[in-house]
Every structure is written in structure tokens, then in C-alpha cells.
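Chemist: Sending over a structure as C-alpha cells; questions will come in a sec.
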Amino acid sequence: MDDLIEKVGVETISVEERAELEKRWSGGQLRHRHDQVLAFAQAQQTQILQLAGGSRDPAALAAAAKRLIARLRSVHQSSEMRDQMREMHNEIWYRGQRGEHDHPRIKEEWTARHAASWRCWRIKEYLFLAEHCAAEIADIINST
């Protein structure tokens with residue numbers, strides 16, 4: 001994987017992770033994020049094309065999109081924040097079922113334990129989708 005992706009702390013996608021991502025893709029669970037990646041490509045097409053060195057080749061554009069995603073660490077900030085809050089609220093509910101009701105402490109603990117890995121997984125989803133949908137990204141950028 002690209003050096004920049006390594007520098008920002010996103011490891012390569014393992015065989016097991018890729019299999020899980022393929023399963024989620026096939027099951028339609030990544031459709032919403034797919035749409036977000038395509039919207040990101042539309043919004044960032046100038047930067048992606050620049051990072052691709054002006055190449056309009058689908059593989060080069062997908063690699064450039066992946067570099068930009070890795071650099072920005074986000075594709076759709078508001079939905080990412082909403083999804084992360086949903087995970088925190090799920091943790092509050094689970095722990096409330098066990099009699100724990102200190103919500104601020106539970107949120108802090110969730111953040112300390114899970115926030116970094118949650119973000120890393122989300123970025124891996126985006127990187128997978130950028131790679132998987134290289135032709136669609138190229139169509140978006142080459143249509144201008």
C-alpha cells in the first residue's frame with residue numbers, strides 16, 4: 001500500500017479484513033459508504049487528479065483517492081461522528097443493562113478503548129471501496 005497510507009497509521013488490509021469487507025460489500029452493508037466515497041471523489045476531484053499526476057487511468061485515480069482519504073482521515077465527517085456516537089450510546093445501553101449508569105465515564109472509556117480502532121476500520125472500509133470502485137471514481141473524474 002502507498003507510503004502515505006502507512007505514514008498516517010492505516011495498516012494494509014489483511015486477508016481476513018479483506019474477506020470481511022468483501023462479505024459486507026456483497027451483503028449490501030457498505031452501499032451507503034460506497035455512495036459517500038463517490039460523493040467524496042466528486043467533491044475532491046481536482047485534488048485526486050492532481051495526486052494522480054494528471055493521469056486519468058482508473059488505477060491511478062483510485063490510488064490517488066486512497067492517498068487523499070488516508071491524509072484527510074475522513075470522507076463524510078458528519079456521518080462518521082453520528083456513527084461513532086451511536087456506538088457510544090450502544091455501549092451505554094449495554095453497560096446500563098449491567099447496572100452501570102455513569103454515562104460520562106462510559107463515554108470516556110469507550111473513547112480510550114475503541115475510538116482509534118473504530119476510525120482505523122472506517123478508513124479501511126473507505127480504502128477498500130476506493131479500490132473496489134476505481135472505474136466509478138474514474139468515470140466521475142473523467143466526466144469533467
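Labels used: A, B, ... for chains in the order of the C-alpha cells, numbers from 1 for residues in each chain, and numbers from 1 for ligands as shown.
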Determine which residues of region 3-140 of chain A DSSP labels as alpha helix (DSSP H) from the backbone of this structure, then write them out as a PyMOL selection string.

Modeler: chain A and resi 3-7+15-26+31-43+45-51+58-72+77-97+103-110+116-132+134-140

Chemist: Once you have the residues from the selection above, write them out as an mmCIF file, in the first residue's frame, restricted to C-alpha atoms.

Modeler:
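Output file again.cif follows:
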```cif
data_model
loop_
_atom_site.group_PDB
_atom_site.id
_atom_site.type_symbol
_atom_site.label_atom_id
_atom_site.label_comp_id
_atom_site.auth_asym_id
_atom_site.auth_seq_id
_atom_site.Cartn_x
_atom_site.Cartn_y
_atom_site.Cartn_z
ATOM 1 C CA ASP A 3 3.742 5.063 1.755
ATOM 2 C CA LEU A 4 1.424 7.913 2.774
ATOM 3 C CA ILE A 5 -1.202 5.433 3.893
ATOM 4 C CA GLU A 6 1.429 3.725 6.045
ATOM 5 C CA LYS A 7 2.589 7.069 7.477
ATOM 6 C CA VAL A 15 -6.593 -11.154 4.153
ATOM 7 C CA GLU A 16 -9.164 -11.648 6.924
ATOM 8 C CA GLU A 17 -10.219 -7.992 6.867
ATOM 9 C CA ARG A 18 -10.486 -8.038 3.080
ATOM 10 C CA ALA A 19 -12.680 -11.135 3.304
ATOM 11 C CA GLU A 20 -14.914 -9.367 5.841
ATOM 12 C CA LEU A 21 -15.081 -6.264 3.657
ATOM 13 C CA GLU A 22 -15.949 -8.374 0.599
ATOM 14 C CA LYS A 23 -18.677 -10.086 2.616
ATOM 15 C CA ARG A 24 -20.085 -6.718 3.738
ATOM 16 C CA TRP A 25 -19.888 -5.391 0.179
ATOM 17 C CA SER A 26 -21.688 -8.441 -1.217
ATOM 18 C CA ARG A 31 -23.634 0.664 -0.004
ATOM 19 C CA HIS A 32 -24.073 3.874 1.973
ATOM 20 C CA ARG A 33 -20.321 4.302 2.418
ATOM 21 C CA HIS A 34 -19.843 3.494 -1.278
ATOM 22 C CA ASP A 35 -22.083 6.442 -2.093
ATOM 23 C CA GLN A 36 -20.085 8.601 0.316
ATOM 24 C CA VAL A 37 -16.796 7.625 -1.343
ATOM 25 C CA LEU A 38 -18.221 8.524 -4.757
ATOM 26 C CA ALA A 39 -19.501 11.860 -3.411
ATOM 27 C CA PHE A 40 -16.052 12.423 -1.906
ATOM 28 C CA ALA A 41 -14.461 11.711 -5.306
ATOM 29 C CA GLN A 42 -16.825 14.221 -6.886
ATOM 30 C CA ALA A 43 -16.073 16.896 -4.299
ATOM 31 C CA GLN A 45 -11.795 15.524 -7.975
ATOM 32 C CA THR A 46 -9.302 18.337 -8.507
ATOM 33 C CA GLN A 47 -7.091 17.126 -5.658
ATOM 34 C CA ILE A 48 -7.436 13.487 -6.714
ATOM 35 C CA LEU A 49 -6.448 14.306 -10.280
ATOM 36 C CA GLN A 50 -3.504 16.337 -9.006
ATOM 37 C CA LEU A 51 -2.379 13.468 -6.732
ATOM 38 C CA PRO A 58 -8.707 4.245 -13.105
ATOM 39 C CA ALA A 59 -5.973 2.560 -11.053
ATOM 40 C CA ALA A 60 -4.026 5.817 -10.701
ATOM 41 C CA LEU A 61 -7.147 7.744 -9.733
ATOM 42 C CA ALA A 62 -8.166 5.105 -7.182
ATOM 43 C CA ALA A 63 -4.657 5.171 -5.686
ATOM 44 C CA ALA A 64 -4.809 8.966 -5.522
ATOM 45 C CA ALA A 65 -8.244 8.836 -3.879
ATOM 46 C CA LYS A 66 -6.861 6.384 -1.322
ATOM 47 C CA ARG A 67 -3.931 8.705 -0.582
ATOM 48 C CA LEU A 68 -6.303 11.610 -0.059
ATOM 49 C CA ILE A 69 -8.604 9.564 2.180
ATOM 50 C CA ALA A 70 -5.592 8.463 4.231
ATOM 51 C CA ARG A 71 -4.352 12.037 4.511
ATOM 52 C CA LEU A 72 -7.708 13.550 5.479
ATOM 53 C CA GLN A 77 -17.369 13.746 8.755
ATOM 54 C CA SER A 78 -20.942 14.236 9.948
ATOM 55 C CA SER A 79 -21.963 10.620 9.354
ATOM 56 C CA GLU A 80 -18.722 9.401 10.922
ATOM 57 C CA MET A 81 -19.409 11.439 14.051
ATOM 58 C CA ARG A 82 -23.014 10.216 14.119
ATOM 59 C CA ASP A 83 -21.939 6.573 13.733
ATOM 60 C CA GLN A 84 -19.331 6.895 16.458
ATOM 61 C CA MET A 85 -21.901 8.452 18.803
ATOM 62 C CA ARG A 86 -24.268 5.568 18.030
ATOM 63 C CA GLU A 87 -21.555 3.121 19.079
ATOM 64 C CA MET A 88 -21.032 5.029 22.327
ATOM 65 C CA HIS A 89 -24.748 5.008 23.037
ATOM 66 C CA ASN A 90 -24.859 1.266 22.379
ATOM 67 C CA GLU A 91 -22.088 0.831 24.950
ATOM 68 C CA ILE A 92 -24.028 2.986 27.429
ATOM 69 C CA TRP A 93 -27.092 0.797 26.895
ATOM 70 C CA TYR A 94 -25.154 -2.479 27.260
ATOM 71 C CA ARG A 95 -23.463 -1.320 30.413
ATOM 72 C CA GLY A 96 -26.710 0.134 31.749
ATOM 73 C CA GLN A 97 -28.152 -3.363 31.481
ATOM 74 C CA HIS A 103 -22.522 7.939 31.175
ATOM 75 C CA PRO A 104 -19.593 10.390 31.030
ATOM 76 C CA ARG A 105 -17.212 7.718 32.354
ATOM 77 C CA ILE A 106 -18.567 5.106 29.924
ATOM 78 C CA LYS A 107 -18.067 7.524 27.010
ATOM 79 C CA GLU A 108 -14.509 8.269 28.119
ATOM 80 C CA GLU A 109 -13.761 4.562 28.455
ATOM 81 C CA TRP A 110 -15.275 3.811 25.036
ATOM 82 C CA ALA A 116 -8.766 4.643 17.378
ATOM 83 C CA SER A 117 -9.640 1.154 16.148
ATOM 84 C CA TRP A 118 -13.105 2.342 15.092
ATOM 85 C CA ARG A 119 -11.514 5.117 12.998
ATOM 86 C CA CYS A 120 -8.925 2.745 11.539
ATOM 87 C CA TRP A 121 -11.641 0.287 10.473
ATOM 88 C CA ARG A 122 -13.730 3.053 8.897
ATOM 89 C CA ILE A 123 -10.702 4.251 6.923
ATOM 90 C CA LYS A 124 -10.081 0.658 5.791
ATOM 91 C CA GLU A 125 -13.672 0.497 4.571
ATOM 92 C CA TYR A 126 -13.140 3.671 2.570
ATOM 93 C CA LEU A 127 -9.807 2.463 1.161
ATOM 94 C CA PHE A 128 -11.390 -0.852 0.167
ATOM 95 C CA LEU A 129 -14.248 0.967 -1.545
ATOM 96 C CA ALA A 130 -11.944 3.382 -3.372
ATOM 97 C CA GLU A 131 -10.016 0.403 -4.698
ATOM 98 C CA HIS A 132 -13.128 -1.649 -5.414
ATOM 99 C CA ALA A 134 -11.878 2.516 -9.249
ATOM 100 C CA ALA A 135 -13.868 2.569 -12.507
ATOM 101 C CA GLU A 136 -16.668 4.619 -10.931
ATOM 102 C CA ILE A 137 -14.180 7.096 -9.471
ATOM 103 C CA ALA A 138 -12.515 7.389 -12.878
ATOM 104 C CA ASP A 139 -15.914 7.964 -14.525
ATOM 105 C CA ILE A 140 -16.660 10.780 -12.088
#
```

Chemist: Take CA of Cys133 (chain A) and CA of Arg56 (chain A) and report the distance between them in Å, one decimal.

Modeler: 14.4 Å

Chemist: Can you measure CA of Ala112 (chain A) to CA of Glu100 (chain A) for me? One decimal in Å is fine.

Modeler: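 Result for CA of Ala112 (chain A) versus CA of Glu100 (chain A): 17.5 Å, one decimal.
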
Chemist: Can you measure CA of Asn142 (chain A) to CA of Gln44 (chain A) for me? One decimal in Å is fine.

Modeler: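 Interatomic distance, CA of Asn142 (chain A) to CA of Gln44 (chain A): 12.8 Å.
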